[in-house]
Amino acid sequence: MSSDLGLHDIADTYSVSWWPLAWGWWVLIALLIVLLGGVCFWLIQRARQRRGMRLLRAQLKHPLPSLSAVNLTLKQAALLYYPRQQIAALHSEQWQAFLLEQLPPHKQAAFAPRFNQFQAVQYQPHDAATVAAYQQLIADWASAAWPPKHRQGAA
């Protein structure tokens, strides 16, 4: 009967393919890749920034034998943030001034007398309580000053 009317059979529709993707999908994929790369880069940089702080905290957990040992530990951690040429030559008042400069201005006044106190007794005989107090001062200083907001040169 259908041949009398001149109608054709119903044609099957083809399913819509996902491939090739439209240009909008390619843009979305590219944006997601860039975003994922940026997040990975940020996480790696953040881990590197906090490496010195982790090192210092790990070493300050255990009692150190002297104020010089505490100072050496702090310098080793500082070398991860600042150039060797800047850190290695510092000692005594220069080292103390450098440490105070790394603090935010509103905290410098609170730390200056504490650093002066330890500067005065650094080369005198001292007991374990003095060393422990200096270790605590350095831990307090590090949590206030590190990680630096901007890196001052290459390590």
# chains A, B, ... in the order shown; residues from 1 in each chain; ligands from 1
>>> residues_around(residues="region 96-99 of chain A", least_positions_apart="2", cutoff="9 Å", atoms="only C-alpha atoms", output="list in words")
Ile87, Leu90, His91, Ser92, Glu93, Gln94, Glu101, Gln102, Leu103, Ala112, Phe115, Asn116, Gln119, Trp141 and Ala145 of chain A
>>> write_last_selection(atoms="N, CA and C atoms", output="PDB file, in the first residue's frame")
ATOM      1  N   ILE A  87      74.146  35.158  53.894  1.00  0.00           N
ATOM      2  CA  ILE A  87      74.027  34.537  55.217  1.00  0.00           C
ATOM      3  C   ILE A  87      75.375  34.163  55.817  1.00  0.00           C
ATOM      4  N   LEU A  90      77.504  36.685  57.949  1.00  0.00           N
ATOM      5  CA  LEU A  90      76.884  37.369  59.085  1.00  0.00           C
ATOM      6  C   LEU A  90      77.265  36.720  60.412  1.00  0.00           C
ATOM      7  N   HIS A  91      77.527  37.540  61.404  1.00  0.00           N
ATOM      8  CA  HIS A  91      77.810  37.061  62.757  1.00  0.00           C
ATOM      9  C   HIS A  91      77.506  38.181  63.743  1.00  0.00           C
ATOM     10  N   SER A  92      77.341  37.822  64.977  1.00  0.00           N
ATOM     11  CA  SER A  92      77.119  38.752  66.092  1.00  0.00           C
ATOM     12  C   SER A  92      75.999  39.747  65.800  1.00  0.00           C
ATOM     13  N   GLU A  93      76.331  41.041  65.859  1.00  0.00           N
ATOM     14  CA  GLU A  93      75.308  42.078  65.692  1.00  0.00           C
ATOM     15  C   GLU A  93      74.716  42.081  64.282  1.00  0.00           C
ATOM     16  N   GLN A  94      75.543  41.765  63.273  1.00  0.00           N
ATOM     17  CA  GLN A  94      75.041  41.727  61.894  1.00  0.00           C
ATOM     18  C   GLN A  94      73.994  40.626  61.737  1.00  0.00           C
ATOM     19  N   GLU A 101      65.428  42.151  60.824  1.00  0.00           N
ATOM     20  CA  GLU A 101      64.905  42.710  59.565  1.00  0.00           C
ATOM     21  C   GLU A 101      63.891  41.781  58.907  1.00  0.00           C
ATOM     22  N   GLN A 102      64.011  40.491  59.156  1.00  0.00           N
ATOM     23  CA  GLN A 102      63.104  39.531  58.516  1.00  0.00           C
ATOM     24  C   GLN A 102      61.719  39.527  59.165  1.00  0.00           C
ATOM     25  N   LEU A 103      61.623  40.089  60.350  1.00  0.00           N
ATOM     26  CA  LEU A 103      60.337  40.136  61.053  1.00  0.00           C
ATOM     27  C   LEU A 103      59.474  41.274  60.542  1.00  0.00           C
ATOM     28  N   ALA A 112      63.694  42.243  69.719  1.00  0.00           N
ATOM     29  CA  ALA A 112      65.007  42.882  69.877  1.00  0.00           C
ATOM     30  C   ALA A 112      65.596  42.678  71.269  1.00  0.00           C
ATOM     31  N   PHE A 115      66.768  39.033  71.680  1.00  0.00           N
ATOM     32  CA  PHE A 115      67.998  38.749  70.939  1.00  0.00           C
ATOM     33  C   PHE A 115      69.198  39.402  71.618  1.00  0.00           C
ATOM     34  N   ASN A 116      69.035  40.613  72.130  1.00  0.00           N
ATOM     35  CA  ASN A 116      70.141  41.296  72.831  1.00  0.00           C
ATOM     36  C   ASN A 116      70.586  40.491  74.044  1.00  0.00           C
ATOM     37  N   GLN A 119      72.589  37.619  72.823  1.00  0.00           N
ATOM     38  CA  GLN A 119      73.845  38.094  72.241  1.00  0.00           C
ATOM     39  C   GLN A 119      74.861  38.339  73.350  1.00  0.00           C
ATOM     40  N   TRP A 141      60.676  33.035  66.610  1.00  0.00           N
ATOM     41  CA  TRP A 141      61.101  33.922  65.536  1.00  0.00           C
ATOM     42  C   TRP A 141      60.766  33.319  64.169  1.00  0.00           C
ATOM     43  N   ALA A 145      58.619  34.931  61.172  1.00  0.00           N
ATOM     44  CA  ALA A 145      59.356  35.491  60.028  1.00  0.00           C
ATOM     45  C   ALA A 145      59.306  34.626  58.771  1.00  0.00           C
TER      46      ALA A 145
END
>>> select_by_dssp(residues="region 19-105 of chain A", states="helix (DSSP H, G or I)", output="PyMOL selection string")
chain A and resi 23-49+51-60+67-78+84-87+92-101+105
>>> residues_around(residues="Phe118 (chain A)", least_positions_apart="2", cutoff="12 Å", atoms="only C-alpha atoms", output="ChimeraX atom specification")
/A:66-68,70-71,92-93,96,111-116,120-126,130-138
>>> atom_distance(atom1="CA of Thr73 (chain A)", atom2="CA of Pro147 (chain A)")
16.1 Å
>>> atom_distance(atom1="CA of Ala89 (chain A)", atom2="CA of Arg51 (chain A)")
22.6 Å
>>> atom_distance(atom1="CA of Arg50 (chain A)", atom2="CA of Leu72 (chain A)")
18.7 Å
>>> closest_residue(among="A:Phe41, A:Trp23, A:Trp18, A:Tyr81", to="Trp146 (chain A)", atoms="only C-alpha atoms")
A:Tyr81
>>> residues_around(residues="Ala88 (chain A)", least_positions_apart="5", cutoff="10 Å", atoms="only C-alpha atoms", output="ChimeraX atom specification")
/A:75-76,78-79,82-83,95
>>> decode(residues="region 66-97 of chain A", atoms="N, CA, C and O atoms", output="CSV table (one decimal), in the first residue's frame")
chain,number,residue,atom,x,y,z
A,66,SER,N,74.5,23.6,72.8
A,66,SER,CA,75.0,25.0,73.1
A,66,SER,C,74.2,26.0,72.2
A,66,SER,O,73.5,25.7,71.3
A,67,LEU,N,74.4,27.3,72.6
A,67,LEU,CA,73.8,28.4,71.8
A,67,LEU,C,74.4,28.4,70.4
A,67,LEU,O,73.7,28.7,69.5
A,68,SER,N,75.7,28.1,70.3
A,68,SER,CA,76.3,28.0,69.0
A,68,SER,C,75.6,27.0,68.1
A,68,SER,O,75.5,27.2,66.9
A,69,ALA,N,75.3,25.9,68.6
A,69,ALA,CA,74.6,24.8,67.9
A,69,ALA,C,73.2,25.3,67.4
A,69,ALA,O,72.8,25.0,66.3
A,70,VAL,N,72.5,26.0,68.3
A,70,VAL,CA,71.2,26.5,67.9
A,70,VAL,C,71.4,27.5,66.8
A,70,VAL,O,70.6,27.5,65.8
A,71,ASN,N,72.4,28.4,66.9
A,71,ASN,CA,72.7,29.4,65.9
A,71,ASN,C,73.0,28.7,64.5
A,71,ASN,O,72.6,29.2,63.5
A,72,LEU,N,73.8,27.7,64.6
A,72,LEU,CA,74.2,27.0,63.4
A,72,LEU,C,73.0,26.3,62.7
A,72,LEU,O,72.8,26.4,61.5
A,73,THR,N,72.1,25.8,63.5
A,73,THR,CA,70.9,25.2,63.0
A,73,THR,C,70.0,26.3,62.3
A,73,THR,O,69.5,26.0,61.2
A,74,LEU,N,69.9,27.4,62.9
A,74,LEU,CA,69.2,28.5,62.3
A,74,LEU,C,69.8,29.0,61.0
A,74,LEU,O,69.1,29.2,60.0
A,75,LYS,N,71.1,29.1,60.9
A,75,LYS,CA,71.8,29.5,59.7
A,75,LYS,C,71.6,28.4,58.6
A,75,LYS,O,71.4,28.8,57.4
A,76,GLN,N,71.7,27.2,58.9
A,76,GLN,CA,71.4,26.1,57.9
A,76,GLN,C,70.0,26.2,57.3
A,76,GLN,O,69.8,26.1,56.1
A,77,ALA,N,69.1,26.5,58.2
A,77,ALA,CA,67.7,26.7,57.7
A,77,ALA,C,67.6,27.9,56.9
A,77,ALA,O,66.9,28.0,55.8
A,78,ALA,N,68.2,29.0,57.3
A,78,ALA,CA,68.2,30.3,56.5
A,78,ALA,C,68.8,30.1,55.1
A,78,ALA,O,68.3,30.9,54.2
A,79,LEU,N,69.7,29.3,55.0
A,79,LEU,CA,70.3,29.1,53.7
A,79,LEU,C,69.4,28.6,52.6
A,79,LEU,O,69.6,28.7,51.4
A,80,LEU,N,68.3,28.0,53.1
A,80,LEU,CA,67.2,27.5,52.1
A,80,LEU,C,66.4,28.7,51.6
A,80,LEU,O,65.7,28.5,50.6
A,81,TYR,N,66.4,29.8,52.3
A,81,TYR,CA,65.6,31.0,51.9
A,81,TYR,C,66.4,32.1,51.3
A,81,TYR,O,65.9,32.9,50.5
A,82,TYR,N,67.7,32.3,51.7
A,82,TYR,CA,68.5,33.4,51.4
A,82,TYR,C,69.8,33.0,50.7
A,82,TYR,O,70.2,31.9,51.0
A,83,PRO,N,70.4,33.8,49.9
A,83,PRO,CA,71.7,33.4,49.3
A,83,PRO,C,72.8,33.2,50.3
A,83,PRO,O,72.9,33.8,51.3
A,84,ARG,N,73.6,32.2,49.9
A,84,ARG,CA,74.8,31.9,50.8
A,84,ARG,C,75.7,33.1,51.1
A,84,ARG,O,76.1,33.3,52.2
A,85,GLN,N,75.9,33.9,50.1
A,85,GLN,CA,76.8,35.1,50.2
A,85,GLN,C,76.2,36.1,51.2
A,85,GLN,O,76.9,36.7,51.9
A,86,GLN,N,74.9,36.1,51.4
A,86,GLN,CA,74.2,37.0,52.3
A,86,GLN,C,74.3,36.5,53.7
A,86,GLN,O,74.5,37.2,54.7
A,87,ILE,N,74.1,35.2,53.9
A,87,ILE,CA,74.0,34.5,55.2
A,87,ILE,C,75.4,34.2,55.8
A,87,ILE,O,75.6,34.4,57.0
A,88,ALA,N,76.3,33.6,55.0
A,88,ALA,CA,77.5,33.0,55.6
A,88,ALA,C,78.4,34.0,56.3
A,88,ALA,O,79.0,33.7,57.3
A,89,ALA,N,78.4,35.2,55.8
A,89,ALA,CA,79.3,36.2,56.4
A,89,ALA,C,78.8,36.9,57.7
A,89,ALA,O,79.5,37.6,58.4
A,90,LEU,N,77.5,36.7,57.9
A,90,LEU,CA,76.9,37.4,59.1
A,90,LEU,C,77.3,36.7,60.4
A,90,LEU,O,77.3,35.5,60.5
A,91,HIS,N,77.5,37.5,61.4
A,91,HIS,CA,77.8,37.1,62.8
A,91,HIS,C,77.5,38.2,63.7
A,91,HIS,O,77.4,39.3,63.4
A,92,SER,N,77.3,37.8,65.0
A,92,SER,CA,77.1,38.8,66.1
A,92,SER,C,76.0,39.7,65.8
A,92,SER,O,74.9,39.3,65.5
A,93,GLU,N,76.3,41.0,65.9
A,93,GLU,CA,75.3,42.1,65.7
A,93,GLU,C,74.7,42.1,64.3
A,93,GLU,O,73.5,42.4,64.1
A,94,GLN,N,75.5,41.8,63.3
A,94,GLN,CA,75.0,41.7,61.9
A,94,GLN,C,74.0,40.6,61.7
A,94,GLN,O,73.0,40.8,61.1
A,95,TRP,N,74.3,39.5,62.3
A,95,TRP,CA,73.3,38.3,62.3
A,95,TRP,C,72.0,38.7,63.0
A,95,TRP,O,70.9,38.4,62.5
A,96,GLN,N,72.2,39.3,64.1
A,96,GLN,CA,71.0,39.7,64.9
A,96,GLN,C,70.2,40.8,64.1
A,96,GLN,O,69.0,40.7,64.1
A,97,ALA,N,70.9,41.7,63.5
A,97,ALA,CA,70.2,42.8,62.7
A,97,ALA,C,69.4,42.1,61.5
A,97,ALA,O,68.3,42.5,61.2
